[in-house]
Structure formats: structure tokens, C-alpha cells
There are 2 protein chains.
Amino acid sequence: MDIFEYVKDACTRAAGAKGARAGASTALRTRVLLRAAELLLGENDAILAENKKDLARAAENGVPSVMLDRLCLTEERIAGIADALRAVAALPDPTGAGDTFTRPNGLRITRLRVPLGVVGMIYEARPNVTVDAAALCIKTGNAVVLRGGKEALFSNMILATLLRRALTECDLPADAVILLERTEREGVAAMKAQRGLLDVLIPRGGHGLIRAVTDGSAVPVIETGAGNCHVYVDAAADIDMALRVCENAKLSRPSVCNAAETLLVHSAIAAEFLLRFRTLTGKRLELRGCNRTCALIPGITRATDEDYATEYDDAILAVRVVDSVEEAVAHINRYNTGHSEAILTNDINTAEYFRQSVDAAAVYVNASTRFTDGGEFGFGAEIGISTQKLHVRGPMGLSALTTEKYFIDGNGQIR
Amino acid sequence: MDIFEYVKDACTRAAGAKGARAGASTALRTRVLLRAAELLLGENDAILAENKKDLARAAENGVPSVMLDRLCLTEERIAGIADALRAVAALPDPTGAGDTFTRPNGLRITRLRVPLGVVGMIYEARPNVTVDAAALCIKTGNAVVLRGGKEALFSNMILATLLRRALTECDLPADAVILLERTEREGVAAMKAQRGLLDVLIPRGGHGLIRAVTDGSAVPVIETGAGNCHVYVDAAADIDMALRVCENAKLSRPSVCNAAETLLVHSAIAAEFLLRFRTLTGKRLELRGCNRTCALIPGITRATDEDYATEYDDAILAVRVVDSVEEAVAHINRYNTGHSEAILTNDINTAEYFRQSVDAAAVYVNASTRFTDGGEFGFGAEIGISTQKLHVRGPMGLSALTTEKYFIDGNGQIR
């Protein structure tokens, strides 16, 4: 079977399971998740054995160590995955809620949250995402087609088998969770073509992966994760607070999408602020500066346009001195990815101008960009951070996996 | 200038206007709409003169009469357009509303409805859509780039000029409304490529136009309008009611997207129902039937798979006899476009199964599909009917032109 037919067949089976699952209650779906957690813990040794096969093959193929770490499962990590299943099970179900209104002609219109249908997930070699993504879809009544990185195939296969067993034991169709066991590169293009079978595609991973899924997809995509985030330290900033927040925004976890990548500093306080920031961060942080920054901090690399456009995901920070909040906003709106931006200022008008004018999902006044996160926002599950404007923006809770449907009750109304 | 550069330049100017408009109040935006209505009425003669140029050229080029009718403006139609401007002005503004919550660490998070940014509208040769689309965007604080059918160019140019004058008179940037005055076909592809400048594309028109915009767009699209709608007459239907509703769903206005295109009838009542329906509709309606339908109503054309997949938009109806509600649902989910579906039945369990299982924006029990419409649902403005699941589904109110943005207030929080 060619890969296109293989993917189409999987999506067709998932779509069939969607129909069969339409009547499944919240209680039943929750039971599946709790049962899956039990199965994972019970099969701990078998999972580790499959994971060892992946690790051995990956090591042979010279996979980088950071990727090996993400691929590696341990008894503790499996327990963590089971805990995550229970945490999703405990969340409120967004489906089935809605509002009702009655029109003058007597038609009663109910707008209800319902599952999207069939979700396609495309992600890297992280076995935990297999369980996590399936759990979110099961919880919200969606069927899911999973396409994980090929390096994690053995791990993903046993995890998917256990998830499917949990569905079957609860009398739900196993095909509500389908793992693509063929992982050639063309599978992604095949998924992008399944308009009418897949209702949405969600890429989870680095820029390359997200771009590969977004470009030319016939299936609608929810983009997540690209985060070229900025912190602007205004002339009216509390400098001590600004130093703490900038250090945190950049260095508390440089590899994540809500970490800062460029620091903008008002010229009125640039000399004091930058010298103290340099002392505070020292060798932990590489700075790349504009001309004025380089004049203040000798010996650092000159920042290029490409630096300003780069999400380093590393202990590197571009720095630019600006003469006004307007110049800071213009820089941000030129280079940002619509994720998270912060201003440090005690001037209420500057703060208001900044947050009205900056085009991003989350705009912070006097706080670190690092809080843009489903957990930190109190949404429970972590589906990702949407950097698009349609459907959902910013941290995504379970409701991002739902749509609305109108039920209209009449007694013979015609128009 | 090549067309790509021309379109990019227009989108850049609109994006600039978006920034300048960020602070415009609801009151100011409403004033623009009321002033535009005055200007339209005051320039009635000039508008008619420009419209005559379009009509003359279209007649020369052999444009079909139905298109000429849509292109044609009269004093009465201009008054209608001005009324529509006033009606949009009177609607509540969805932007600026939201909810606020405070996290345990003291961060105060406000989720606010905000404009999408820059909307690209692609539509056919209907001058009223120029004003209508611009009005919806002005009302919601969006900038808009308009790309209308080339046959309406003179009319669109004067209307856009008046809309821009209304903006200028209210001290708002004219570039919040930009009409593309170059209408070569490649302009559509150029708009689809303006990711980062255009926040959304909304096609309004027939299938060909919608498909041309959707396929391979780098800018997110809100799809509207495709309506292959079904009515299922169940064994437990009230036959008199079913006859009235089916007649209305098909014949009250066959050309619109919420009109029925296929009738499914349960075999237990098919003979009585179809003979009476044939008598009721007579020569006003062409039927194309499955084998069993053809046996009951001799002399009608046999329906093919292509018939079932076709949105006739005409006084033609495909008819199929089925043996169960499950068979009806399977037919619908195979052929429908996710718009509107109806069941006629007095059996509460059959009704519930139907509406849970049918995958569509609006599912009717004992009423005509013709009610799927922003006005009929009480949403005020008519942006279109979304047949996609992301962002907005079904009739779209003004809020479809907004997204959300998080404002986070802190006092130095770090993570």
C-alpha cells in the first residue's frame, strides 16, 4: 500500500470511530483515561523494553543527546505519564455545555460545544506526547491519528496499544486512537491532504516541523509554539525589578518558547541598566547588541537583522537601545511571532500604549514572559500555545479541541 | 509595479492603519459608519454614473443577466446600502469585552476581545459587498483590503473613496479601507501569500471563488457558504408538516446556500409522502431519484452519485429512499458540506440520534433548513455562514471578526 493510501485508511477508520463515539458519556471517557493509567503502570517493564529498542537504534544512528534524553523513558517518567493521564481525567469536560435562546417564531436554538471530530497530531520523538495528545483527545470526545517521530516508534507502538486496549475494555472503538506505524517523511504530506477526514492538524515541535505542517495544508492547522518574545525596559522602569524580570525571562529556561529572545532598552536608562544586567548575568549569557549597545558593553558581538528574527532557544540575547516606546513597539511588531511580550514601566500611559499596540497573544506589564503557559494560566492541560489569531490564541485549554454546533428545535417552522 | 508588489504594498498600508487605529473608540468608529451613510446618499448621482460605466462595459462583454442584476445600483439600492451602514452602526461592538481572573501569585490576567487586525475580503462583482464588508471591519476595529470582481471596479472605486473620506473626516487613517484597483486574476494568489500582513482572508461568493481562495493559502481563511443541505423525512414524521417544510426548504429560495438539495425519505412512508410531494410541487420542481424513487414516481431522471454531491442552487432536488435513520445519517455525512441538515420526526430518540450523529453547523428537528442565517439567528450583521469547524461555525456575527488577547498585570513576578 502506498503511504497516501495507508494514511487515508487510518483517517477513515478514525472517522468511523468518531461516529461510534458520538454518544460516549463524559464518565465513560474519563474511565478510559484512568484505565489507561493503570495499564501503563502494569506494563512498565514491557514499555521500558520497547523504549530500549528505540534508544539503541537512535544511538546507532548518532541521534544527538538532547533528543535521546527526550526519547528516554524510565520508571519514574512512566509514572509521570500515568499521573498526567489522571490529571486530564480530573479536568472538567468542555463538551456538552452551551447556551439556548428562543427566536420570536418559536425556534429554540441551542449552541453546544462538541468535539472537533478527528484530530491529527504530528510531533517529534517524544513518547510522552503520544499519551498526552491521545488523553486530551479522548477527554474531549475526539478521535486522534498520531504521527510521532520515527525514532520513538517502538515506544509509541506499545503506548498506543495500551491506549487502544483501555478504549476496548470500556466498550469504545479502539480506532479512536490510531498510531501511524509507517513514519516515512511523505506521511506528513499525506495527512495534510486528508481534508474531510481530518478536522484539524496540530503540530507539536520545533519550527521546522511546524512550518512543514503549515505550508500548503488542505486540513486546517492550529499552529503552536513559535516564540520570538521581547522584553522592553522603559525609561520609567523600576530598574531593580527590571533586572530580575529580564534575567528570569531569558535565563530561567532558555529552551522554551516563552523565554525572551530580544531585550529593548530605553536610551535614558540604557547605560545604567545594561551595565548592571551584564554584571548580573556575566558568563551565563551571550549578548548581541546594536551599535549603541556595543558602545556601552565593549567586546560583544554586533546584532544583525537575522539576530532580531531568531528564536535562539539558548543562552543568547539580542539587545537594542531605543529612544521611545513607539520605537520599541515598531521593532516588536516587525520581528515578533505573536507569542508573548513584556514591558517594564511605572508609567501608566506608556504601559497602556504598549499593550494596545503590540500584536501578540499575551502582553505583560511588569512581569516575566515565562508565565505564558496553560498551567500558569490555570487552564489545566497543556495543549500548546497558539500563535495564530483564528480559533484560539495563547495558552490552549481543552476547549481548543472543541467546536460549536447548533441544535434547532421547531414544530414545523418555515421561512 | 508587478501585481504581487502592488498587493503587498496595499496590505502594508492597511497594516499601518491598523496600528494607528488601535486607540479608536467604539463611538468614533460608529460615527464613521453614520458619516459614510450620509456621503453615499449625498453622492447618489455620482455613484450611479460610475455604476453605469460598469454596466455598459459588462453588457459589452456579454456578462450574464443574473450577474448584471447583482452589479446594478439604483437610487433605492443605494438607500438600502446606507440603511445597512446604519444598521451595522447600531449593533453592539464585540471588541473590548472580556473577563479577568487573578492567579495565586498575584498576576491579574484579562482576556479581551480585540480586532483580528487586517482582513482580506475577496468577492464577486457586487458593489454592495464593498460597503457591507468595509462596514463590518470598521465596526470591529479591523482594517480591510477589498478585492472585488473586476466588472464592478468603477462602482467599487467611488464607494471606497467615500468610505475613506468618512474615515478621514473622523480623523482616522483612510488606509483602514483599501480597495485593490488592479483586478487581474493573480491578485488573489498575491493576497493568499501575504501571511504576516493579512490576518485572515474571507471569500464571499460561489464555490469556484471559495475554492480558489482556500487552496494553498498561506493566510488563514474563513470559509463560507457551501451548502449541500439535506432534509430527512422519517417514518415517524408528521406528513403534513413534512410536506410544508420540504417545499419551503427547497423552493422558497432555491439559489441560496441554506436551501435543501437532497431529500431522504424513510421507505415506510415513501409512497404516500413522495406522491403527495410530487403533487404539491408539480412543475415547479425537477426531481432526480434513486431506483426506488423512480419506481414510485415514473418519468423522473435517475440520480447519480454526482447529483448527491451537487449543490444545485436551482429548482432541482435529488431524492433517495432509505430504510433507517442510520442510513440517512450515513448518506448525509458522506455528501454534506457541514452547513444545515433537518429531520422531520415525532420520535424523540430518532431525533436525538440524528442530531448527535450528523456532522454539520446547524441541525434542525421539525423545521426548515432555510433559517441558517445571521439575521434569523438574531446576530444582526450577515458576514456569512461558516462551514468550517475552527474559529467560528454556522452563522457569523461581528465577533467572528475578533480574536482574543491576554493582558497580564504584574508587580515584578518571575517564574
# chains A, B, ... in the order shown; residues from 1 in each chain; ligands from 1
$ interface_residues --of "chain B" --to "chain A" --cutoff "6 Å" --atoms "only C-alpha atoms" --output "PyMOL selection string"
chain B and resi 216+241+245+361-368+389-391+403+405-414
$ write_last_selection --atoms "N, CA and C atoms" --output "PDB file, in the first residue's frame"
ATOM      1  N   GLY B 216      -4.303  26.177  -0.794  1.00  0.00           N
ATOM      2  CA  GLY B 216      -2.916  26.589  -0.672  1.00  0.00           C
ATOM      3  C   GLY B 216      -2.711  28.007  -0.170  1.00  0.00           C
ATOM      4  N   MET B 241     -46.812  18.293   8.012  1.00  0.00           N
ATOM      5  CA  MET B 241     -45.722  19.223   8.362  1.00  0.00           C
ATOM      6  C   MET B 241     -44.520  18.990   7.449  1.00  0.00           C
ATOM      7  N   VAL B 245     -42.545  21.722   5.145  1.00  0.00           N
ATOM      8  CA  VAL B 245     -41.144  22.049   5.414  1.00  0.00           C
ATOM      9  C   VAL B 245     -40.264  21.718   4.206  1.00  0.00           C
ATOM     10  N   ALA B 361     -23.005  22.352  10.923  1.00  0.00           N
ATOM     11  CA  ALA B 361     -23.077  23.529  11.791  1.00  0.00           C
ATOM     12  C   ALA B 361     -24.446  23.638  12.453  1.00  0.00           C
ATOM     13  N   ALA B 362     -25.516  23.353  11.695  1.00  0.00           N
ATOM     14  CA  ALA B 362     -26.872  23.526  12.216  1.00  0.00           C
ATOM     15  C   ALA B 362     -27.697  22.281  11.907  1.00  0.00           C
ATOM     16  N   VAL B 363     -28.303  21.695  12.944  1.00  0.00           N
ATOM     17  CA  VAL B 363     -29.140  20.515  12.743  1.00  0.00           C
ATOM     18  C   VAL B 363     -30.547  20.835  13.262  1.00  0.00           C
ATOM     19  N   TYR B 364     -31.522  20.721  12.382  1.00  0.00           N
ATOM     20  CA  TYR B 364     -32.907  21.090  12.674  1.00  0.00           C
ATOM     21  C   TYR B 364     -33.757  19.867  12.955  1.00  0.00           C
ATOM     22  N   VAL B 365     -34.613  19.972  13.958  1.00  0.00           N
ATOM     23  CA  VAL B 365     -35.653  18.979  14.174  1.00  0.00           C
ATOM     24  C   VAL B 365     -36.985  19.675  13.918  1.00  0.00           C
ATOM     25  N   ASN B 366     -37.698  19.185  12.916  1.00  0.00           N
ATOM     26  CA  ASN B 366     -39.029  19.711  12.585  1.00  0.00           C
ATOM     27  C   ASN B 366     -39.037  21.205  12.233  1.00  0.00           C
ATOM     28  N   ALA B 367     -38.066  21.612  11.416  1.00  0.00           N
ATOM     29  CA  ALA B 367     -38.074  22.978  10.887  1.00  0.00           C
ATOM     30  C   ALA B 367     -37.254  22.997   9.602  1.00  0.00           C
ATOM     31  N   SER B 368     -37.422  24.041   8.839  1.00  0.00           N
ATOM     32  CA  SER B 368     -36.755  24.182   7.537  1.00  0.00           C
ATOM     33  C   SER B 368     -35.295  24.589   7.695  1.00  0.00           C
ATOM     34  N   LYS B 389     -14.877  24.207  11.031  1.00  0.00           N
ATOM     35  CA  LYS B 389     -15.061  23.962  12.463  1.00  0.00           C
ATOM     36  C   LYS B 389     -14.192  24.861  13.333  1.00  0.00           C
ATOM     37  N   LEU B 390     -13.069  25.348  12.805  1.00  0.00           N
ATOM     38  CA  LEU B 390     -12.205  26.201  13.615  1.00  0.00           C
ATOM     39  C   LEU B 390     -12.742  27.634  13.625  1.00  0.00           C
ATOM     40  N   HIS B 391     -12.497  28.326  14.739  1.00  0.00           N
ATOM     41  CA  HIS B 391     -12.785  29.750  14.920  1.00  0.00           C
ATOM     42  C   HIS B 391     -14.275  30.027  15.094  1.00  0.00           C
ATOM     43  N   THR B 403     -10.520  38.454  17.727  1.00  0.00           N
ATOM     44  CA  THR B 403      -9.777  37.374  18.366  1.00  0.00           C
ATOM     45  C   THR B 403      -9.608  37.764  19.829  1.00  0.00           C
ATOM     46  N   LYS B 405      -6.955  38.488  23.241  1.00  0.00           N
ATOM     47  CA  LYS B 405      -5.605  38.925  23.576  1.00  0.00           C
ATOM     48  C   LYS B 405      -5.549  38.966  25.095  1.00  0.00           C
ATOM     49  N   TYR B 406      -4.461  38.450  25.647  1.00  0.00           N
ATOM     50  CA  TYR B 406      -4.323  38.458  27.100  1.00  0.00           C
ATOM     51  C   TYR B 406      -3.505  39.667  27.543  1.00  0.00           C
ATOM     52  N   PHE B 407      -4.053  40.439  28.469  1.00  0.00           N
ATOM     53  CA  PHE B 407      -3.307  41.499  29.151  1.00  0.00           C
ATOM     54  C   PHE B 407      -2.957  40.956  30.530  1.00  0.00           C
ATOM     55  N   ILE B 408      -1.683  40.961  30.889  1.00  0.00           N
ATOM     56  CA  ILE B 408      -1.285  40.439  32.192  1.00  0.00           C
ATOM     57  C   ILE B 408      -0.602  41.547  32.998  1.00  0.00           C
ATOM     58  N   ASP B 409      -1.174  41.850  34.165  1.00  0.00           N
ATOM     59  CA  ASP B 409      -0.633  42.885  35.045  1.00  0.00           C
ATOM     60  C   ASP B 409       0.107  42.254  36.210  1.00  0.00           C
ATOM     61  N   GLY B 410       1.358  42.657  36.375  1.00  0.00           N
ATOM     62  CA  GLY B 410       2.130  42.129  37.483  1.00  0.00           C
ATOM     63  C   GLY B 410       2.793  43.233  38.283  1.00  0.00           C
ATOM     64  N   ASN B 411       3.547  42.835  39.298  1.00  0.00           N
ATOM     65  CA  ASN B 411       4.390  43.794  40.008  1.00  0.00           C
ATOM     66  C   ASN B 411       5.759  43.159  40.254  1.00  0.00           C
ATOM     67  N   GLY B 412       6.290  42.582  39.163  1.00  0.00           N
ATOM     68  CA  GLY B 412       7.628  42.021  39.235  1.00  0.00           C
ATOM     69  C   GLY B 412       7.672  40.506  39.315  1.00  0.00           C
ATOM     70  N   GLN B 413       6.556  39.832  39.034  1.00  0.00           N
ATOM     71  CA  GLN B 413       6.539  38.361  39.130  1.00  0.00           C
ATOM     72  C   GLN B 413       7.563  37.718  38.194  1.00  0.00           C
ATOM     73  N   ILE B 414       8.271  36.731  38.740  1.00  0.00           N
ATOM     74  CA  ILE B 414       9.155  35.899  37.929  1.00  0.00           C
ATOM     75  C   ILE B 414       8.811  34.441  38.207  1.00  0.00           C
TER      76      ILE B 414
END
$ residues_around --residues "region 177-191 of chain B" --least-positions-apart "4" --cutoff "9 Å" --atoms "only C-alpha atoms" --output "mmCIF file with N, CA and C atoms, in the first residue's frame"
data_model
loop_
_atom_site.group_PDB
_atom_site.id
_atom_site.type_symbol
_atom_site.label_atom_id
_atom_site.label_comp_id
_atom_site.auth_asym_id
_atom_site.auth_seq_id
_atom_site.Cartn_x
_atom_site.Cartn_y
_atom_site.Cartn_z
ATOM 1 N N ILE B 3 2.029 42.781 -9.851
ATOM 2 C CA ILE B 3 0.804 42.686 -9.049
ATOM 3 C C ILE B 3 1.099 42.232 -7.620
ATOM 4 N N PHE B 4 2.103 41.375 -7.455
ATOM 5 C CA PHE B 4 2.451 40.913 -6.114
ATOM 6 C C PHE B 4 2.899 42.093 -5.254
ATOM 7 N N GLU B 5 3.784 42.939 -5.817
ATOM 8 C CA GLU B 5 4.263 44.117 -5.082
ATOM 9 C C GLU B 5 3.115 45.082 -4.803
ATOM 10 N N TYR B 6 2.230 45.219 -5.797
ATOM 11 C CA TYR B 6 1.086 46.123 -5.638
ATOM 12 C C TYR B 6 0.215 45.683 -4.452
ATOM 13 N N VAL B 7 -0.080 44.383 -4.392
ATOM 14 C CA VAL B 7 -0.925 43.857 -3.315
ATOM 15 C C VAL B 7 -0.197 43.952 -1.973
ATOM 16 N N LYS B 8 1.094 43.642 -1.983
ATOM 17 C CA LYS B 8 1.861 43.712 -0.745
ATOM 18 C C LYS B 8 1.887 45.143 -0.197
ATOM 19 N N ALA B 10 -0.380 47.449 -0.677
ATOM 20 C CA ALA B 10 -1.705 47.766 -0.124
ATOM 21 C C ALA B 10 -1.866 47.149 1.265
ATOM 22 N N CYS B 11 -1.437 45.903 1.409
ATOM 23 C CA CYS B 11 -1.575 45.227 2.708
ATOM 24 C C CYS B 11 -0.691 45.884 3.764
ATOM 25 N N ARG B 13 0.116 49.070 3.818
ATOM 26 C CA ARG B 13 -0.544 50.311 4.227
ATOM 27 C C ARG B 13 -1.705 50.021 5.177
ATOM 28 N N ALA B 14 -2.466 48.980 4.894
ATOM 29 C CA ALA B 14 -3.583 48.621 5.777
ATOM 30 C C ALA B 14 -3.065 48.221 7.161
ATOM 31 N N ALA B 17 -2.323 51.262 9.054
ATOM 32 C CA ALA B 17 -3.558 51.879 9.549
ATOM 33 C C ALA B 17 -4.080 51.141 10.774
ATOM 34 N N GLY B 120 -8.663 40.467 4.728
ATOM 35 C CA GLY B 120 -8.717 40.495 3.269
ATOM 36 C C GLY B 120 -10.040 39.926 2.805
ATOM 37 N N ILE B 122 -12.377 38.874 -0.454
ATOM 38 C CA ILE B 122 -12.360 38.576 -1.882
ATOM 39 C C ILE B 122 -13.775 38.196 -2.285
ATOM 40 N N THR B 130 -18.842 45.637 -1.143
ATOM 41 C CA THR B 130 -17.747 46.558 -0.830
ATOM 42 C C THR B 130 -18.067 47.347 0.439
ATOM 43 N N ALA B 134 -16.673 46.475 4.332
ATOM 44 C CA ALA B 134 -15.931 47.558 4.978
ATOM 45 C C ALA B 134 -16.615 47.969 6.281
ATOM 46 N N CYS B 137 -15.882 45.586 9.069
ATOM 47 C CA CYS B 137 -14.493 45.705 9.531
ATOM 48 C C CYS B 137 -14.284 46.997 10.317
ATOM 49 N N ILE B 138 -14.850 48.105 9.841
ATOM 50 C CA ILE B 138 -14.707 49.367 10.576
ATOM 51 C C ILE B 138 -15.340 49.223 11.960
ATOM 52 N N ALA B 143 -8.752 46.779 9.964
ATOM 53 C CA ALA B 143 -8.507 47.354 8.645
ATOM 54 C C ALA B 143 -8.893 46.295 7.616
ATOM 55 N N VAL B 144 -9.214 46.720 6.385
ATOM 56 C CA VAL B 144 -9.659 45.755 5.386
ATOM 57 C C VAL B 144 -9.049 46.069 4.025
ATOM 58 N N VAL B 145 -8.633 45.012 3.340
ATOM 59 C CA VAL B 145 -8.198 45.118 1.949
ATOM 60 C C VAL B 145 -9.252 44.409 1.110
ATOM 61 N N LEU B 146 -9.891 45.163 0.212
ATOM 62 C CA LEU B 146 -11.033 44.671 -0.555
ATOM 63 C C LEU B 146 -10.600 44.310 -1.961
ATOM 64 N N ARG B 147 -11.004 43.131 -2.414
ATOM 65 C CA ARG B 147 -10.701 42.719 -3.767
ATOM 66 C C ARG B 147 -12.014 42.230 -4.385
ATOM 67 N N GLY B 148 -12.708 43.150 -5.068
ATOM 68 C CA GLY B 148 -13.998 42.820 -5.668
ATOM 69 C C GLY B 148 -13.840 42.392 -7.115
ATOM 70 N N GLY B 149 -14.913 41.860 -7.677
ATOM 71 C CA GLY B 149 -14.899 41.436 -9.075
ATOM 72 C C GLY B 149 -14.613 42.605 -10.007
ATOM 73 N N LYS B 150 -13.866 42.336 -11.074
ATOM 74 C CA LYS B 150 -13.401 43.416 -11.954
ATOM 75 C C LYS B 150 -14.563 44.136 -12.632
ATOM 76 N N LEU B 153 -15.573 47.501 -10.933
ATOM 77 C CA LEU B 153 -14.460 48.338 -10.494
ATOM 78 C C LEU B 153 -14.814 49.826 -10.342
ATOM 79 N N ASN B 156 -17.017 50.208 -7.312
ATOM 80 C CA ASN B 156 -16.257 49.962 -6.082
ATOM 81 C C ASN B 156 -15.312 51.121 -5.759
ATOM 82 N N MET B 157 -14.728 51.707 -6.810
ATOM 83 C CA MET B 157 -13.775 52.796 -6.570
ATOM 84 C C MET B 157 -14.462 53.994 -5.931
ATOM 85 N N ALA B 160 -15.429 53.055 -2.310
ATOM 86 C CA ALA B 160 -14.266 53.021 -1.419
ATOM 87 C C ALA B 160 -13.778 54.436 -1.122
ATOM 88 N N THR B 161 -13.809 55.302 -2.132
ATOM 89 C CA THR B 161 -13.393 56.692 -1.916
ATOM 90 C C THR B 161 -14.267 57.361 -0.851
ATOM 91 N N LEU B 163 -15.994 55.841 1.549
ATOM 92 C CA LEU B 163 -15.698 55.223 2.845
ATOM 93 C C LEU B 163 -14.408 55.804 3.427
ATOM 94 N N ARG B 164 -13.406 55.986 2.578
ATOM 95 C CA ARG B 164 -12.138 56.553 3.033
ATOM 96 C C ARG B 164 -12.315 58.014 3.457
ATOM 97 N N LEU B 167 -13.659 58.066 6.918
ATOM 98 C CA LEU B 167 -12.593 57.808 7.895
ATOM 99 C C LEU B 167 -11.778 59.067 8.137
ATOM 100 N N PRO B 173 -7.201 56.952 9.939
ATOM 101 C CA PRO B 173 -6.444 56.781 8.693
ATOM 102 C C PRO B 173 -7.303 56.161 7.581
ATOM 103 N N ARG B 195 0.931 36.423 4.290
ATOM 104 C CA ARG B 195 0.998 35.989 5.678
ATOM 105 C C ARG B 195 1.849 36.991 6.463
ATOM 106 N N LEU B 198 -1.744 40.210 6.204
ATOM 107 C CA LEU B 198 -3.176 39.923 6.324
ATOM 108 C C LEU B 198 -3.368 38.891 7.437
ATOM 109 N N LEU B 201 -8.317 35.816 5.534
ATOM 110 C CA LEU B 201 -8.968 36.027 4.235
ATOM 111 C C LEU B 201 -10.397 35.500 4.337
ATOM 112 N N ALA B 212 -10.851 28.687 -4.915
ATOM 113 C CA ALA B 212 -9.651 29.379 -5.389
ATOM 114 C C ALA B 212 -8.930 30.077 -4.236
ATOM 115 N N VAL B 213 -9.683 30.559 -3.254
ATOM 116 C CA VAL B 213 -9.067 31.250 -2.126
ATOM 117 C C VAL B 213 -8.514 30.241 -1.114
ATOM 118 N N SER B 217 -3.649 28.544 0.582
ATOM 119 C CA SER B 217 -3.460 29.896 1.112
ATOM 120 C C SER B 217 -2.511 29.873 2.305
ATOM 121 N N VAL B 219 -2.325 32.553 4.188
ATOM 122 C CA VAL B 219 -3.107 33.323 5.153
ATOM 123 C C VAL B 219 -4.301 32.462 5.581
#
$ closest_residue --among "B:Ile316, B:Ala176, B:Ala133, B:Ala152" --to "Lys52 (chain B)" --atoms "only C-alpha atoms"
B:Ala152
$ closest_residue --among "A:Thr310, A:Ser155, A:Thr262, A:Thr301" --to "Val129 (chain A)" --atoms "only C-alpha atoms"
A:Ser155
$ atom_distance --atom1 "CA of Gly227 (chain A)" --atom2 "CA of Gly384 (chain A)"
11.6 Å
$ residues_around --residues "Lys250 (chain A)" --least-positions-apart "6" --cutoff "10 Å" --atoms "only C-alpha atoms" --output "PyMOL selection string"
chain A and resi 229-231+256+258-263+281+285+313-317+368-370
$ write_last_selection --atoms "N, CA and C atoms" --output "PDB file, in the first residue's frame"
ATOM      1  N   CYS A 229      10.078  36.237  21.632  1.00  0.00           N
ATOM      2  CA  CYS A 229       9.495  37.115  22.653  1.00  0.00           C
ATOM      3  C   CYS A 229      10.459  38.242  23.017  1.00  0.00           C
ATOM      4  N   HIS A 230       9.901  39.398  23.388  1.00  0.00           N
ATOM      5  CA  HIS A 230      10.676  40.597  23.697  1.00  0.00           C
ATOM      6  C   HIS A 230      10.371  41.099  25.107  1.00  0.00           C
ATOM      7  N   VAL A 231      11.375  41.709  25.724  1.00  0.00           N
ATOM      8  CA  VAL A 231      11.137  42.486  26.936  1.00  0.00           C
ATOM      9  C   VAL A 231      11.633  43.899  26.665  1.00  0.00           C
ATOM     10  N   VAL A 256      12.700  27.189  26.090  1.00  0.00           N
ATOM     11  CA  VAL A 256      11.252  27.122  25.893  1.00  0.00           C
ATOM     12  C   VAL A 256      10.737  28.330  25.116  1.00  0.00           C
ATOM     13  N   ASN A 258       8.399  30.527  25.628  1.00  0.00           N
ATOM     14  CA  ASN A 258       8.052  31.798  26.269  1.00  0.00           C
ATOM     15  C   ASN A 258       9.268  32.514  26.876  1.00  0.00           C
ATOM     16  N   ALA A 259      10.466  32.035  26.579  1.00  0.00           N
ATOM     17  CA  ALA A 259      11.685  32.743  27.006  1.00  0.00           C
ATOM     18  C   ALA A 259      11.920  33.955  26.104  1.00  0.00           C
ATOM     19  N   ALA A 260      12.511  35.016  26.659  1.00  0.00           N
ATOM     20  CA  ALA A 260      12.784  36.231  25.879  1.00  0.00           C
ATOM     21  C   ALA A 260      13.959  35.998  24.932  1.00  0.00           C
ATOM     22  N   GLU A 261      13.900  36.631  23.769  1.00  0.00           N
ATOM     23  CA  GLU A 261      14.975  36.498  22.780  1.00  0.00           C
ATOM     24  C   GLU A 261      15.633  37.840  22.464  1.00  0.00           C
ATOM     25  N   THR A 262      14.880  38.934  22.645  1.00  0.00           N
ATOM     26  CA  THR A 262      15.453  40.263  22.430  1.00  0.00           C
ATOM     27  C   THR A 262      15.060  41.175  23.586  1.00  0.00           C
ATOM     28  N   LEU A 263      16.044  41.954  24.024  1.00  0.00           N
ATOM     29  CA  LEU A 263      15.840  42.952  25.072  1.00  0.00           C
ATOM     30  C   LEU A 263      15.902  44.321  24.420  1.00  0.00           C
ATOM     31  N   THR A 281      24.327  38.848  34.807  1.00  0.00           N
ATOM     32  CA  THR A 281      24.254  37.599  34.039  1.00  0.00           C
ATOM     33  C   THR A 281      25.639  37.050  33.685  1.00  0.00           C
ATOM     34  N   LEU A 285      25.355  34.332  29.965  1.00  0.00           N
ATOM     35  CA  LEU A 285      24.534  34.835  28.855  1.00  0.00           C
ATOM     36  C   LEU A 285      25.394  35.534  27.816  1.00  0.00           C
ATOM     37  N   ASP A 313      16.368  30.052  21.538  1.00  0.00           N
ATOM     38  CA  ASP A 313      16.137  28.898  22.422  1.00  0.00           C
ATOM     39  C   ASP A 313      17.429  28.496  23.128  1.00  0.00           C
ATOM     40  N   ASP A 314      18.236  29.476  23.487  1.00  0.00           N
ATOM     41  CA  ASP A 314      19.554  29.222  24.045  1.00  0.00           C
ATOM     42  C   ASP A 314      19.956  30.438  24.895  1.00  0.00           C
ATOM     43  N   ALA A 315      21.088  30.352  25.579  1.00  0.00           N
ATOM     44  CA  ALA A 315      21.519  31.444  26.455  1.00  0.00           C
ATOM     45  C   ALA A 315      22.171  32.568  25.647  1.00  0.00           C
ATOM     46  N   ILE A 316      21.425  33.096  24.720  1.00  0.00           N
ATOM     47  CA  ILE A 316      21.865  34.206  23.868  1.00  0.00           C
ATOM     48  C   ILE A 316      20.725  35.228  23.856  1.00  0.00           C
ATOM     49  N   LEU A 317      21.070  36.513  23.889  1.00  0.00           N
ATOM     50  CA  LEU A 317      20.038  37.546  23.905  1.00  0.00           C
ATOM     51  C   LEU A 317      20.470  38.691  23.002  1.00  0.00           C
ATOM     52  N   SER A 368       7.370  38.658  33.984  1.00  0.00           N
ATOM     53  CA  SER A 368       8.169  37.884  33.032  1.00  0.00           C
ATOM     54  C   SER A 368       7.294  37.217  31.971  1.00  0.00           C
ATOM     55  N   THR A 369       7.810  37.123  30.748  1.00  0.00           N
ATOM     56  CA  THR A 369       7.087  36.421  29.676  1.00  0.00           C
ATOM     57  C   THR A 369       6.928  34.930  29.953  1.00  0.00           C
ATOM     58  N   ARG A 370       7.664  34.420  30.919  1.00  0.00           N
ATOM     59  CA  ARG A 370       7.685  32.979  31.167  1.00  0.00           C
ATOM     60  C   ARG A 370       6.365  32.415  31.665  1.00  0.00           C
TER      61      ARG A 370
END
$ atom_distance --atom1 "CA of Ala135 (chain A)" --atom2 "CA of Gln194 (chain A)"
22.4 Å
